[in-house]
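Chemist: Questions regarding the structure given below will be posed in turn.
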Amino acid sequence: MRAPLFVGDRLDTDIRGARAAGLRSAVVLTGVSTPADIVAAGASSRPDYLLEYLRGLLHPYPATRLLPDGTVAVGAAAVGVEHDAVRVVRAGSCRIGRVGAP
């Protein structure tokens, strides 16, 4: 079975709309939203997937691991959730993991 994936570059319209429609979503960082925007986003605007570039759709998505301390790791990066806020525990090597990146 296949399911659609909505891809957009804006959290406030593209991703929020996909979530409201019950679709999985991916935000691509070549447009409006930045890594810092994604970390700061409320639950209704958080995408299911992050893509540094649109060509990321052609590659396998890295495995997500739940660590014993409750943080979630993807590659070298790790984040935790406290209440409704996401915090970066360990930055990764790509632009997605560098929250302050342009």
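Each chain in the structure tokens gets a letter, A, B, ..., in the order shown, and its residues are numbered from 1; ligands are numbered from 1 in order too.
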When DSSP is applied to the backbone of this structure, which of segment 6-56 of chain A are assigned helix (DSSP H, G or I)? Write them out as a PyMOL selection string.
Modeler: chain A and resi 11-20+35-40+43-45+54-56
Chemist: What parts of chain A does DSSP call strand (DSSP E)? I'd like the answer as a VMD selection string.
Modeler: chain A and resid 5 to 8 24 to 28 49 to 51 64 to 66 72 to 74 77 to 82 85 to 90
Chemist: Go ahead and dump the residues you just picked, N, CA and C atoms, as a PDB file, in the first residue's frame.
Modeler:
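Contents of the output file out-v8.pdb:
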ATOM      1  N   LEU A   5       2.706  11.707   0.250  1.00  0.00           N
ATOM      2  CA  LEU A   5       3.558  12.523   1.100  1.00  0.00           C
ATOM      3  C   LEU A   5       3.458  13.941   0.573  1.00  0.00           C
ATOM      4  N   PHE A   6       3.046  14.869   1.401  1.00  0.00           N
ATOM      5  CA  PHE A   6       2.964  16.265   0.998  1.00  0.00           C
ATOM      6  C   PHE A   6       4.300  16.925   1.293  1.00  0.00           C
ATOM      7  N   VAL A   7       4.895  17.566   0.296  1.00  0.00           N
ATOM      8  CA  VAL A   7       6.186  18.216   0.444  1.00  0.00           C
ATOM      9  C   VAL A   7       5.995  19.711   0.285  1.00  0.00           C
ATOM     10  N   GLY A   8       6.537  20.479   1.223  1.00  0.00           N
ATOM     11  CA  GLY A   8       6.429  21.926   1.150  1.00  0.00           C
ATOM     12  C   GLY A   8       7.608  22.588   1.822  1.00  0.00           C
ATOM     13  N   ARG A  24       0.904  12.675   5.697  1.00  0.00           N
ATOM     14  CA  ARG A  24       2.287  12.791   6.148  1.00  0.00           C
ATOM     15  C   ARG A  24       2.917  13.929   5.360  1.00  0.00           C
ATOM     16  N   SER A  25       3.881  14.594   5.997  1.00  0.00           N
ATOM     17  CA  SER A  25       4.475  15.756   5.341  1.00  0.00           C
ATOM     18  C   SER A  25       5.985  15.772   5.495  1.00  0.00           C
ATOM     19  N   ALA A  26       6.623  16.453   4.553  1.00  0.00           N
ATOM     20  CA  ALA A  26       8.063  16.680   4.594  1.00  0.00           C
ATOM     21  C   ALA A  26       8.299  18.150   4.300  1.00  0.00           C
ATOM     22  N   VAL A  27       9.153  18.770   5.086  1.00  0.00           N
ATOM     23  CA  VAL A  27       9.538  20.147   4.800  1.00  0.00           C
ATOM     24  C   VAL A  27      10.921  20.113   4.175  1.00  0.00           C
ATOM     25  N   VAL A  28      11.084  20.890   3.116  1.00  0.00           N
ATOM     26  CA  VAL A  28      12.364  20.975   2.432  1.00  0.00           C
ATOM     27  C   VAL A  28      12.978  22.333   2.766  1.00  0.00           C
ATOM     28  N   TYR A  49       8.877  14.549   8.213  1.00  0.00           N
ATOM     29  CA  TYR A  49      10.225  14.376   7.679  1.00  0.00           C
ATOM     30  C   TYR A  49      10.856  15.733   7.379  1.00  0.00           C
ATOM     31  N   LEU A  50      12.177  15.788   7.446  1.00  0.00           N
ATOM     32  CA  LEU A  50      12.953  16.972   7.092  1.00  0.00           C
ATOM     33  C   LEU A  50      13.863  16.610   5.938  1.00  0.00           C
ATOM     34  N   LEU A  51      13.890  17.475   4.938  1.00  0.00           N
ATOM     35  CA  LEU A  51      14.766  17.255   3.795  1.00  0.00           C
ATOM     36  C   LEU A  51      15.628  18.486   3.597  1.00  0.00           C
ATOM     37  N   THR A  64      15.519   6.374  12.585  1.00  0.00           N
ATOM     38  CA  THR A  64      15.300   7.138  13.816  1.00  0.00           C
ATOM     39  C   THR A  64      15.407   6.175  14.987  1.00  0.00           C
ATOM     40  N   ARG A  65      16.165   6.588  16.017  1.00  0.00           N
ATOM     41  CA  ARG A  65      16.354   5.729  17.187  1.00  0.00           C
ATOM     42  C   ARG A  65      15.888   6.451  18.450  1.00  0.00           C
ATOM     43  N   LEU A  66      15.144   5.757  19.281  1.00  0.00           N
ATOM     44  CA  LEU A  66      14.758   6.277  20.590  1.00  0.00           C
ATOM     45  C   LEU A  66      15.835   5.864  21.580  1.00  0.00           C
ATOM     46  N   VAL A  72      15.505  11.459  20.832  1.00  0.00           N
ATOM     47  CA  VAL A  72      15.391  10.775  19.552  1.00  0.00           C
ATOM     48  C   VAL A  72      16.594  11.161  18.709  1.00  0.00           C
ATOM     49  N   ALA A  73      17.263  10.171  18.132  1.00  0.00           N
ATOM     50  CA  ALA A  73      18.459  10.415  17.328  1.00  0.00           C
ATOM     51  C   ALA A  73      18.218   9.994  15.890  1.00  0.00           C
ATOM     52  N   VAL A  74      18.762  10.796  14.985  1.00  0.00           N
ATOM     53  CA  VAL A  74      18.805  10.485  13.560  1.00  0.00           C
ATOM     54  C   VAL A  74      20.228  10.771  13.133  1.00  0.00           C
ATOM     55  N   ALA A  77      22.668  13.440  14.996  1.00  0.00           N
ATOM     56  CA  ALA A  77      21.845  14.458  15.667  1.00  0.00           C
ATOM     57  C   ALA A  77      20.877  13.812  16.651  1.00  0.00           C
ATOM     58  N   ALA A  78      20.542  14.557  17.709  1.00  0.00           N
ATOM     59  CA  ALA A  78      19.560  14.071  18.688  1.00  0.00           C
ATOM     60  C   ALA A  78      18.745  15.251  19.201  1.00  0.00           C
ATOM     61  N   VAL A  79      17.457  15.010  19.404  1.00  0.00           N
ATOM     62  CA  VAL A  79      16.565  16.031  19.952  1.00  0.00           C
ATOM     63  C   VAL A  79      15.732  15.429  21.061  1.00  0.00           C
ATOM     64  N   GLY A  80      15.243  16.287  21.933  1.00  0.00           N
ATOM     65  CA  GLY A  80      14.333  15.879  22.989  1.00  0.00           C
ATOM     66  C   GLY A  80      13.120  16.779  22.966  1.00  0.00           C
ATOM     67  N   VAL A  81      12.033  16.322  23.547  1.00  0.00           N
ATOM     68  CA  VAL A  81      10.811  17.110  23.622  1.00  0.00           C
ATOM     69  C   VAL A  81      10.467  17.313  25.091  1.00  0.00           C
ATOM     70  N   GLU A  82      10.282  18.567  25.463  1.00  0.00           N
ATOM     71  CA  GLU A  82       9.841  18.920  26.811  1.00  0.00           C
ATOM     72  C   GLU A  82       8.557  19.712  26.671  1.00  0.00           C
ATOM     73  N   ALA A  85       7.849  21.745  23.427  1.00  0.00           N
ATOM     74  CA  ALA A  85       9.041  22.354  22.842  1.00  0.00           C
ATOM     75  C   ALA A  85      10.075  21.282  22.494  1.00  0.00           C
ATOM     76  N   VAL A  86      10.677  21.424  21.327  1.00  0.00           N
ATOM     77  CA  VAL A  86      11.742  20.522  20.897  1.00  0.00           C
ATOM     78  C   VAL A  86      13.072  21.210  21.174  1.00  0.00           C
ATOM     79  N   ARG A  87      14.014  20.476  21.759  1.00  0.00           N
ATOM     80  CA  ARG A  87      15.341  21.050  22.017  1.00  0.00           C
ATOM     81  C   ARG A  87      16.394  20.180  21.357  1.00  0.00           C
ATOM     82  N   VAL A  88      17.405  20.823  20.796  1.00  0.00           N
ATOM     83  CA  VAL A  88      18.502  20.099  20.162  1.00  0.00           C
ATOM     84  C   VAL A  88      19.468  19.649  21.247  1.00  0.00           C
ATOM     85  N   VAL A  89      19.676  18.356  21.351  1.00  0.00           N
ATOM     86  CA  VAL A  89      20.593  17.782  22.331  1.00  0.00           C
ATOM     87  C   VAL A  89      21.990  17.665  21.723  1.00  0.00           C
ATOM     88  N   ARG A  90      22.037  17.235  20.472  1.00  0.00           N
ATOM     89  CA  ARG A  90      23.321  17.067  19.784  1.00  0.00           C
ATOM     90  C   ARG A  90      23.096  17.371  18.308  1.00  0.00           C
TER      91      ARG A  90
END
Chemist: Calculated over only C-alpha atoms, which of the candidates A:Gly31, A:Ala76, A:Ala36, A:Leu23 has the smallest distance to Ala3 of chain A?
Modeler: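 Using only C-alpha atoms, the shortest distance to Ala3 of chain A belongs to A:Leu23.
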Chemist: Taking only C-alpha atoms into account, name the residue in A:Tyr61, A:Ser44, A:Glu52, A:Gly17 that is nearest to Ser93 of chain A.
Modeler: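 Closest to Ser93 of chain A, using only C-alpha atoms: A:Glu52.
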Chemist: May I have the residues within 9 Å of Tyr53 of chain A as a PyMOL selection string, using only C-alpha atoms and disregarding those fewer than 4 positions away in the same chain?
Modeler: chain A and resi 28-30+57
Chemist: Suppose you want the space between atom CA of Val32 of chain A and atom CA of Pro4 of chain A; what is it in Å?
Modeler: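 Computing the Euclidean distance for atom CA of Val32 of chain A and atom CA of Pro4 of chain A yields 22.2 Å.
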Chemist: Just checking: using only C-alpha atoms, which residue out of A:Leu58, A:Ile15, A:Leu67, A:Ala21 ends up closest to Ser45 of chain A?
Modeler: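 Answer, going by the shortest atom-to-atom distance: A:Ile15.
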Chemist: Record the distance separating atom CA of Asp69 of chain A and atom CA of Pro35 of chain A, expressed in Å with one decimal.
Modeler: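 For atom CA of Asp69 of chain A relative to atom CA of Pro35 of chain A, the distance reads 23.2 Å.
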Chemist: Which is closer to Arg46 of chain A than all the others in A:Ala91, A:Arg2, A:Arg10, A:Pro60, using only C-alpha atoms?
Modeler: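 Looking only at the distances to Arg46 of chain A, the closest residue turns out to be A:Arg10.
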